[in-house]
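File shown: upload-v4.cif. Contents: mmCIF, N, CA and C atoms and all ligand atoms; chains and numbers go by the auth columns.
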data_model
#
loop_
_atom_site.group_PDB
_atom_site.id
_atom_site.type_symbol
_atom_site.label_atom_id
_atom_site.label_comp_id
_atom_site.label_asym_id
_atom_site.label_seq_id
_atom_site.Cartn_x
_atom_site.Cartn_y
_atom_site.Cartn_z
_atom_site.B_iso_or_equiv
_atom_site.auth_seq_id
_atom_site.auth_asym_id
ATOM 1 N N MET A 1 19.534 -15.132 -9.706 0.00 19 A
ATOM 2 C CA MET A 1 18.782 -13.904 -9.945 0.00 19 A
ATOM 3 C C MET A 1 17.382 -14.018 -9.335 0.00 19 A
ATOM 4 N N GLU A 2 17.012 -13.007 -8.557 0.00 20 A
ATOM 5 C CA GLU A 2 15.699 -13.037 -7.935 0.00 20 A
ATOM 6 C C GLU A 2 14.658 -12.308 -8.773 0.00 20 A
ATOM 7 N N CYS A 3 13.419 -12.674 -8.561 0.00 21 A
ATOM 8 C CA CYS A 3 12.303 -12.005 -9.209 0.00 21 A
ATOM 9 C C CYS A 3 12.311 -10.524 -8.821 0.00 21 A
ATOM 10 N N PRO A 4 12.161 -9.621 -9.781 0.00 22 A
ATOM 11 C CA PRO A 4 12.216 -8.175 -9.491 0.00 22 A
ATOM 12 C C PRO A 4 10.915 -7.588 -8.958 0.00 22 A
ATOM 13 N N GLU A 5 9.871 -8.388 -8.888 0.00 23 A
ATOM 14 C CA GLU A 5 8.593 -7.857 -8.392 0.00 23 A
ATOM 15 C C GLU A 5 8.702 -7.550 -6.899 0.00 23 A
ATOM 16 N N ASP A 6 7.860 -6.614 -6.421 0.00 24 A
ATOM 17 C CA ASP A 6 7.905 -6.185 -5.023 0.00 24 A
ATOM 18 C C ASP A 6 7.694 -7.346 -4.060 0.00 24 A
ATOM 19 N N ASP A 7 8.520 -7.376 -3.029 0.00 25 A
ATOM 20 C CA ASP A 7 8.370 -8.363 -1.958 0.00 25 A
ATOM 21 C C ASP A 7 8.408 -9.807 -2.442 0.00 25 A
ATOM 22 N N CYS A 8 9.115 -10.062 -3.525 0.00 26 A
ATOM 23 C CA CYS A 8 9.203 -11.413 -4.047 0.00 26 A
ATOM 24 C C CYS A 8 10.672 -11.835 -4.049 0.00 26 A
ATOM 25 N N THR A 9 10.955 -12.958 -3.424 0.00 27 A
ATOM 26 C CA THR A 9 12.344 -13.422 -3.345 0.00 27 A
ATOM 27 C C THR A 9 12.531 -14.758 -4.044 0.00 27 A
ATOM 28 N N ARG A 10 11.551 -15.142 -4.847 0.00 28 A
ATOM 29 C CA ARG A 10 11.658 -16.403 -5.554 0.00 28 A
ATOM 30 C C ARG A 10 12.630 -16.259 -6.723 0.00 28 A
ATOM 31 N N PRO A 11 13.222 -17.351 -7.153 0.00 29 A
ATOM 32 C CA PRO A 11 14.156 -17.257 -8.281 0.00 29 A
ATOM 33 C C PRO A 11 13.439 -16.884 -9.580 0.00 29 A
ATOM 34 N N ALA A 12 14.029 -15.955 -10.309 0.00 30 A
ATOM 35 C CA ALA A 12 13.455 -15.543 -11.594 0.00 30 A
ATOM 36 C C ALA A 12 13.872 -16.551 -12.651 0.00 30 A
ATOM 37 N N SER A 13 12.894 -17.183 -13.242 0.00 31 A
ATOM 38 C CA SER A 13 13.216 -18.246 -14.191 0.00 31 A
ATOM 39 C C SER A 13 12.387 -18.192 -15.467 0.00 31 A
ATOM 40 N N VAL A 14 11.543 -17.185 -15.600 0.00 32 A
ATOM 41 C CA VAL A 14 10.725 -17.081 -16.806 0.00 32 A
ATOM 42 C C VAL A 14 10.870 -15.680 -17.384 0.00 32 A
ATOM 43 N N GLU A 15 11.245 -15.613 -18.660 0.00 33 A
ATOM 44 C CA GLU A 15 11.361 -14.318 -19.313 0.00 33 A
ATOM 45 C C GLU A 15 10.017 -13.949 -19.911 0.00 33 A
ATOM 46 N N LEU A 16 9.568 -12.726 -19.602 0.00 34 A
ATOM 47 C CA LEU A 16 8.314 -12.230 -20.165 0.00 34 A
ATOM 48 C C LEU A 16 8.629 -11.273 -21.296 0.00 34 A
ATOM 49 N N HIS A 17 7.984 -11.504 -22.428 0.00 35 A
ATOM 50 C CA HIS A 17 8.103 -10.593 -23.569 0.00 35 A
ATOM 51 C C HIS A 17 6.870 -9.700 -23.543 0.00 35 A
ATOM 52 N N ILE A 18 7.094 -8.426 -23.198 0.00 36 A
ATOM 53 C CA ILE A 18 5.994 -7.488 -22.975 0.00 36 A
ATOM 54 C C ILE A 18 5.992 -6.445 -24.091 0.00 36 A
ATOM 55 N N PRO A 19 4.901 -6.387 -24.874 0.00 37 A
ATOM 56 C CA PRO A 19 4.855 -5.474 -26.024 0.00 37 A
ATOM 57 C C PRO A 19 5.042 -4.008 -25.664 0.00 37 A
ATOM 58 N N TRP A 20 4.557 -3.603 -24.467 0.00 38 A
ATOM 59 C CA TRP A 20 4.572 -2.185 -24.113 0.00 38 A
ATOM 60 C C TRP A 20 5.679 -1.826 -23.116 0.00 38 A
ATOM 61 N N ALA A 21 6.553 -2.785 -22.818 0.00 39 A
ATOM 62 C CA ALA A 21 7.639 -2.508 -21.883 0.00 39 A
ATOM 63 C C ALA A 21 8.829 -3.403 -22.219 0.00 39 A
ATOM 64 N N GLU A 22 9.908 -3.178 -21.497 0.00 40 A
ATOM 65 C CA GLU A 22 11.078 -4.021 -21.719 0.00 40 A
ATOM 66 C C GLU A 22 10.811 -5.427 -21.209 0.00 40 A
ATOM 67 N N ASN A 23 11.480 -6.377 -21.836 0.00 41 A
ATOM 68 C CA ASN A 23 11.369 -7.751 -21.347 0.00 41 A
ATOM 69 C C ASN A 23 11.867 -7.809 -19.911 0.00 41 A
ATOM 70 N N ARG A 24 11.261 -8.660 -19.128 0.00 42 A
ATOM 71 C CA ARG A 24 11.734 -8.827 -17.759 0.00 42 A
ATOM 72 C C ARG A 24 11.686 -10.307 -17.402 0.00 42 A
ATOM 73 N N THR A 25 12.560 -10.684 -16.483 0.00 43 A
ATOM 74 C CA THR A 25 12.600 -12.078 -16.049 0.00 43 A
ATOM 75 C C THR A 25 12.054 -12.156 -14.637 0.00 43 A
ATOM 76 N N VAL A 26 11.031 -12.958 -14.463 0.00 44 A
ATOM 77 C CA VAL A 26 10.355 -13.062 -13.170 0.00 44 A
ATOM 78 C C VAL A 26 10.241 -14.521 -12.748 0.00 44 A
ATOM 79 N N CYS A 27 9.701 -14.725 -11.554 0.00 45 A
ATOM 80 C CA CYS A 27 9.519 -16.088 -11.066 0.00 45 A
ATOM 81 C C CYS A 27 8.302 -16.742 -11.738 0.00 45 A
ATOM 82 N N VAL A 28 8.142 -18.009 -11.512 0.00 46 A
ATOM 83 C CA VAL A 28 7.060 -18.761 -12.151 0.00 46 A
ATOM 84 C C VAL A 28 5.694 -18.198 -11.737 0.00 46 A
ATOM 85 N N ALA A 29 5.542 -17.890 -10.457 0.00 47 A
ATOM 86 C CA ALA A 29 4.255 -17.402 -9.971 0.00 47 A
ATOM 87 C C ALA A 29 3.884 -16.071 -10.630 0.00 47 A
ATOM 88 N N HIS A 30 4.828 -15.153 -10.699 0.00 48 A
ATOM 89 C CA HIS A 30 4.533 -13.872 -11.331 0.00 48 A
ATOM 90 C C HIS A 30 4.354 -14.022 -12.838 0.00 48 A
ATOM 91 N N ALA A 31 5.060 -14.957 -13.431 0.00 49 A
ATOM 92 C CA ALA A 31 4.896 -15.192 -14.864 0.00 49 A
ATOM 93 C C ALA A 31 3.473 -15.647 -15.166 0.00 49 A
ATOM 94 N N ARG A 32 2.928 -16.437 -14.265 0.00 50 A
ATOM 95 C CA ARG A 32 1.544 -16.902 -14.463 0.00 50 A
ATOM 96 C C ARG A 32 0.576 -15.729 -14.436 0.00 50 A
ATOM 97 N N VAL A 33 0.783 -14.824 -13.487 0.00 51 A
ATOM 98 C CA VAL A 33 -0.120 -13.680 -13.352 0.00 51 A
ATOM 99 C C VAL A 33 0.060 -12.705 -14.511 0.00 51 A
ATOM 100 N N LEU A 34 1.313 -12.307 -14.733 0.00 52 A
ATOM 101 C CA LEU A 34 1.574 -11.302 -15.764 0.00 52 A
ATOM 102 C C LEU A 34 1.331 -11.853 -17.160 0.00 52 A
ATOM 103 N N GLY A 35 1.473 -13.152 -17.300 0.00 53 A
ATOM 104 C CA GLY A 35 1.270 -13.786 -18.597 0.00 53 A
ATOM 105 C C GLY A 35 -0.183 -13.835 -19.027 0.00 53 A
ATOM 106 N N GLN A 36 -1.086 -13.462 -18.122 0.00 54 A
ATOM 107 C CA GLN A 36 -2.507 -13.446 -18.471 0.00 54 A
ATOM 108 C C GLN A 36 -2.853 -12.242 -19.342 0.00 54 A
ATOM 109 N N ARG A 37 -1.984 -11.248 -19.313 0.00 55 A
ATOM 110 C CA ARG A 37 -2.308 -10.020 -20.046 0.00 55 A
ATOM 111 C C ARG A 37 -2.141 -10.218 -21.555 0.00 55 A
ATOM 112 N N ASP A 38 -2.948 -9.501 -22.287 0.00 56 A
ATOM 113 C CA ASP A 38 -2.901 -9.619 -23.743 0.00 56 A
ATOM 114 C C ASP A 38 -1.522 -9.280 -24.281 0.00 56 A
ATOM 115 N N GLY A 39 -1.043 -10.130 -25.146 0.00 57 A
ATOM 116 C CA GLY A 39 0.201 -9.844 -25.846 0.00 57 A
ATOM 117 C C GLY A 39 1.457 -10.262 -25.124 0.00 57 A
ATOM 118 N N VAL A 40 1.348 -10.625 -23.847 0.00 58 A
ATOM 119 C CA VAL A 40 2.529 -11.019 -23.090 0.00 58 A
ATOM 120 C C VAL A 40 2.832 -12.495 -23.353 0.00 58 A
ATOM 121 N N VAL A 41 4.091 -12.758 -23.642 0.00 59 A
ATOM 122 C CA VAL A 41 4.509 -14.137 -23.878 0.00 59 A
ATOM 123 C C VAL A 41 5.495 -14.539 -22.786 0.00 59 A
ATOM 124 N N ALA A 42 5.190 -15.634 -22.089 0.00 60 A
ATOM 125 C CA ALA A 42 6.090 -16.149 -21.054 0.00 60 A
ATOM 126 C C ALA A 42 6.997 -17.197 -21.673 0.00 60 A
ATOM 127 N N ASP A 43 8.290 -16.995 -21.486 0.00 61 A
ATOM 128 C CA ASP A 43 9.270 -17.862 -22.120 0.00 61 A
ATOM 129 C C ASP A 43 10.236 -18.400 -21.056 0.00 61 A
ATOM 130 N N PRO A 44 10.046 -19.630 -20.617 0.00 62 A
ATOM 131 C CA PRO A 44 10.954 -20.191 -19.606 0.00 62 A
ATOM 132 C C PRO A 44 12.388 -20.148 -20.091 0.00 62 A
ATOM 133 N N THR A 45 13.277 -19.655 -19.257 0.00 63 A
ATOM 134 C CA THR A 45 14.668 -19.540 -19.666 0.00 63 A
ATOM 135 C C THR A 45 15.343 -20.906 -19.636 0.00 63 A
ATOM 136 N N PRO A 46 16.337 -21.103 -20.477 0.00 64 A
ATOM 137 C CA PRO A 46 17.045 -22.391 -20.503 0.00 64 A
ATOM 138 C C PRO A 46 17.603 -22.731 -19.130 0.00 64 A
ATOM 139 N N GLY A 47 17.461 -23.979 -18.734 0.00 65 A
ATOM 140 C CA GLY A 47 18.000 -24.398 -17.456 0.00 65 A
ATOM 141 C C GLY A 47 17.044 -24.250 -16.302 0.00 65 A
ATOM 142 N N SER A 48 15.864 -23.729 -16.572 0.00 66 A
ATOM 143 C CA SER A 48 14.916 -23.520 -15.477 0.00 66 A
ATOM 144 C C SER A 48 13.891 -24.650 -15.366 0.00 66 A
ATOM 145 N N ALA A 49 14.015 -25.642 -16.172 0.00 67 A
ATOM 146 C CA ALA A 49 13.018 -26.718 -16.175 0.00 67 A
ATOM 147 C C ALA A 49 12.870 -27.358 -14.788 0.00 67 A
ATOM 148 N N ALA A 50 13.973 -27.534 -14.084 0.00 68 A
ATOM 149 C CA ALA A 50 13.906 -28.153 -12.768 0.00 68 A
ATOM 150 C C ALA A 50 13.090 -27.292 -11.804 0.00 68 A
ATOM 151 N N GLU A 51 13.301 -25.991 -11.853 0.00 69 A
ATOM 152 C CA GLU A 51 12.552 -25.089 -10.982 0.00 69 A
ATOM 153 C C GLU A 51 11.078 -25.124 -11.317 0.00 69 A
ATOM 154 N N LEU A 52 10.758 -25.209 -12.593 0.00 70 A
ATOM 155 C CA LEU A 52 9.364 -25.233 -13.004 0.00 70 A
ATOM 156 C C LEU A 52 8.683 -26.495 -12.479 0.00 70 A
ATOM 157 N N LEU A 53 9.410 -27.584 -12.503 0.00 71 A
ATOM 158 C CA LEU A 53 8.835 -28.838 -12.035 0.00 71 A
ATOM 159 C C LEU A 53 8.622 -28.808 -10.529 0.00 71 A
ATOM 160 N N GLU A 54 9.490 -28.104 -9.820 0.00 72 A
ATOM 161 C CA GLU A 54 9.353 -28.037 -8.364 0.00 72 A
ATOM 162 C C GLU A 54 8.122 -27.266 -7.947 0.00 72 A
ATOM 163 N N ASP A 55 7.748 -26.296 -8.752 0.00 73 A
ATOM 164 C CA ASP A 55 6.694 -25.394 -8.359 0.00 73 A
ATOM 165 C C ASP A 55 5.340 -26.066 -8.223 0.00 73 A
HETATM 166 ZN ZN ZN B . 7.904 -13.109 -8.338 0.00 101 B
#

Take the structure I supplied and represent it as structure tokens, if you would.
Ligand SMILES: [Zn+2]
Amino acid sequence: MECPEDDCTRPASVELHIPWAENRTVCVAHARVLGQRDGVVADPTPGSAAELLED
């Protein structure tokens, strides 16, 4: 599964819990950016530990 953000083809490996929108699964880089917003919780999905370490 690829990151759904525009022009991003990295593997989606982090689930974001967004209070004002539906949860979405994005790549590590986008999770870092979007996770800065108030109330957003970044939750690495099971099995993604290897990808996180590569980053
Ligand atoms: Zn992305």

- Residues matched by the PyMOL selection byres (((chain A and resi 37) around 8) and not hetatm) as a list in words: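 With the PyMOL selection byres (((chain A and resi 37) around 8) and not hetatm) on this model, the match is Leu34, His35, Ile36, Trp38, Ala39, Glu40, Asn41, Asp56, Gly57, Val58 and Val59 of chain A.
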
Selection above as a file: N, CA and C atoms, as a compact mmCIF listing (two decimals), keeping the file's coordinate frame:
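Okay, this is what ended up in part20.txt:
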# COMPACT_ATOMS: atom_id res chain seq x y z
N LEU A 34 9.57 -12.73 -19.60
CA LEU A 34 8.31 -12.23 -20.16
C LEU A 34 8.63 -11.27 -21.30
N HIS A 35 7.98 -11.50 -22.43
CA HIS A 35 8.10 -10.59 -23.57
C HIS A 35 6.87 -9.70 -23.54
N ILE A 36 7.09 -8.43 -23.20
CA ILE A 36 5.99 -7.49 -22.98
C ILE A 36 5.99 -6.44 -24.09
N TRP A 38 4.56 -3.60 -24.47
CA TRP A 38 4.57 -2.18 -24.11
C TRP A 38 5.68 -1.83 -23.12
N ALA A 39 6.55 -2.78 -22.82
CA ALA A 39 7.64 -2.51 -21.88
C ALA A 39 8.83 -3.40 -22.22
N GLU A 40 9.91 -3.18 -21.50
CA GLU A 40 11.08 -4.02 -21.72
C GLU A 40 10.81 -5.43 -21.21
N ASN A 41 11.48 -6.38 -21.84
CA ASN A 41 11.37 -7.75 -21.35
C ASN A 41 11.87 -7.81 -19.91
N ASP A 56 -2.95 -9.50 -22.29
CA ASP A 56 -2.90 -9.62 -23.74
C ASP A 56 -1.52 -9.28 -24.28
N GLY A 57 -1.04 -10.13 -25.15
CA GLY A 57 0.20 -9.84 -25.85
C GLY A 57 1.46 -10.26 -25.12
N VAL A 58 1.35 -10.62 -23.85
CA VAL A 58 2.53 -11.02 -23.09
C VAL A 58 2.83 -12.50 -23.35
N VAL A 59 4.09 -12.76 -23.64
CA VAL A 59 4.51 -14.14 -23.88
C VAL A 59 5.50 -14.54 -22.79

- Query: Within 7 Å of ligand ZN 101 (chain B), counting only N, CA and C atoms and all ligand atoms: which residues, as a ChimeraX atom specification?
  - Reply: /A:20-30,44-49

- Glu33 in chain A: which residues within 6 Å, counting all atoms listed in the file, same-chain residues fewer than 4 positions away excluded, as an MDAnalysis selection string? chainID A and resid 42:44 59:63

- Figure out the distance between atom N of Met19 in chain A and atom C of Val51 in chain A, please, to one decimal in Å.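 These atoms are spaced 20.2 Å apart.
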
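Those residues in chain A carrying a DSSP assignment of strand (DSSP E or B), computed from the backbone, are Glu20, Pro29, Val32, Glu33, Leu34, His35, Arg42, Thr43, Val44, Val59, Ala60, Asp61 and Pro62 of chain A.
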
The selected residues should be written to file as an mmCIF file, keeping the file's coordinate frame (atoms: N, CA and C atoms).
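This went into again-v1.cif:
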data_model
loop_
_atom_site.group_PDB
_atom_site.id
_atom_site.type_symbol
_atom_site.label_atom_id
_atom_site.label_comp_id
_atom_site.auth_asym_id
_atom_site.auth_seq_id
_atom_site.Cartn_x
_atom_site.Cartn_y
_atom_site.Cartn_z
ATOM 1 N N GLU A 20 17.012 -13.007 -8.557
ATOM 2 C CA GLU A 20 15.699 -13.037 -7.935
ATOM 3 C C GLU A 20 14.658 -12.308 -8.773
ATOM 4 N N PRO A 29 13.222 -17.351 -7.153
ATOM 5 C CA PRO A 29 14.156 -17.257 -8.281
ATOM 6 C C PRO A 29 13.439 -16.884 -9.580
ATOM 7 N N VAL A 32 11.543 -17.185 -15.600
ATOM 8 C CA VAL A 32 10.725 -17.081 -16.806
ATOM 9 C C VAL A 32 10.870 -15.680 -17.384
ATOM 10 N N GLU A 33 11.245 -15.613 -18.660
ATOM 11 C CA GLU A 33 11.361 -14.318 -19.313
ATOM 12 C C GLU A 33 10.017 -13.949 -19.911
ATOM 13 N N LEU A 34 9.568 -12.726 -19.602
ATOM 14 C CA LEU A 34 8.314 -12.230 -20.165
ATOM 15 C C LEU A 34 8.629 -11.273 -21.296
ATOM 16 N N HIS A 35 7.984 -11.504 -22.428
ATOM 17 C CA HIS A 35 8.103 -10.593 -23.569
ATOM 18 C C HIS A 35 6.870 -9.700 -23.543
ATOM 19 N N ARG A 42 11.261 -8.660 -19.128
ATOM 20 C CA ARG A 42 11.734 -8.827 -17.759
ATOM 21 C C ARG A 42 11.686 -10.307 -17.402
ATOM 22 N N THR A 43 12.560 -10.684 -16.483
ATOM 23 C CA THR A 43 12.600 -12.078 -16.049
ATOM 24 C C THR A 43 12.054 -12.156 -14.637
ATOM 25 N N VAL A 44 11.031 -12.958 -14.463
ATOM 26 C CA VAL A 44 10.355 -13.062 -13.170
ATOM 27 C C VAL A 44 10.241 -14.521 -12.748
ATOM 28 N N VAL A 59 4.091 -12.758 -23.642
ATOM 29 C CA VAL A 59 4.509 -14.137 -23.878
ATOM 30 C C VAL A 59 5.495 -14.539 -22.786
ATOM 31 N N ALA A 60 5.190 -15.634 -22.089
ATOM 32 C CA ALA A 60 6.090 -16.149 -21.054
ATOM 33 C C ALA A 60 6.997 -17.197 -21.673
ATOM 34 N N ASP A 61 8.290 -16.995 -21.486
ATOM 35 C CA ASP A 61 9.270 -17.862 -22.120
ATOM 36 C C ASP A 61 10.236 -18.400 -21.056
ATOM 37 N N PRO A 62 10.046 -19.630 -20.617
ATOM 38 C CA PRO A 62 10.954 -20.191 -19.606
ATOM 39 C C PRO A 62 12.388 -20.148 -20.091
#

- Do you have the atom C of Ser31 in chain A-CA of Arg50 in chain A distance handy?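 Computing it gives 11.0 Å between the two atoms.
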
- Task: May I have all residues of chain A that DSSP, computed from the backbone, assigns to alpha helix (DSSP H), given as a list in words?
- Result: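 Answer for chain A restricted to alpha helix (DSSP H) is Val46, Ala47, His48, Ala49, Arg50, Val51, Leu52, Ala67, Ala68, Glu69, Leu70, Leu71 and Glu72 of chain A.
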
Grab all the atoms of range 39-56 of chain A that the file lists, wrap them in a box along x, y and z, add 5 Å per side, and give me centre plus edge lengths in Å (one decimal) as AutoDock Vina command-line options.
--center_x 4.8 --center_y -10.6 --center_z -17.1 --size_x 25.5 --size_y 26.3 --size_z 24.3
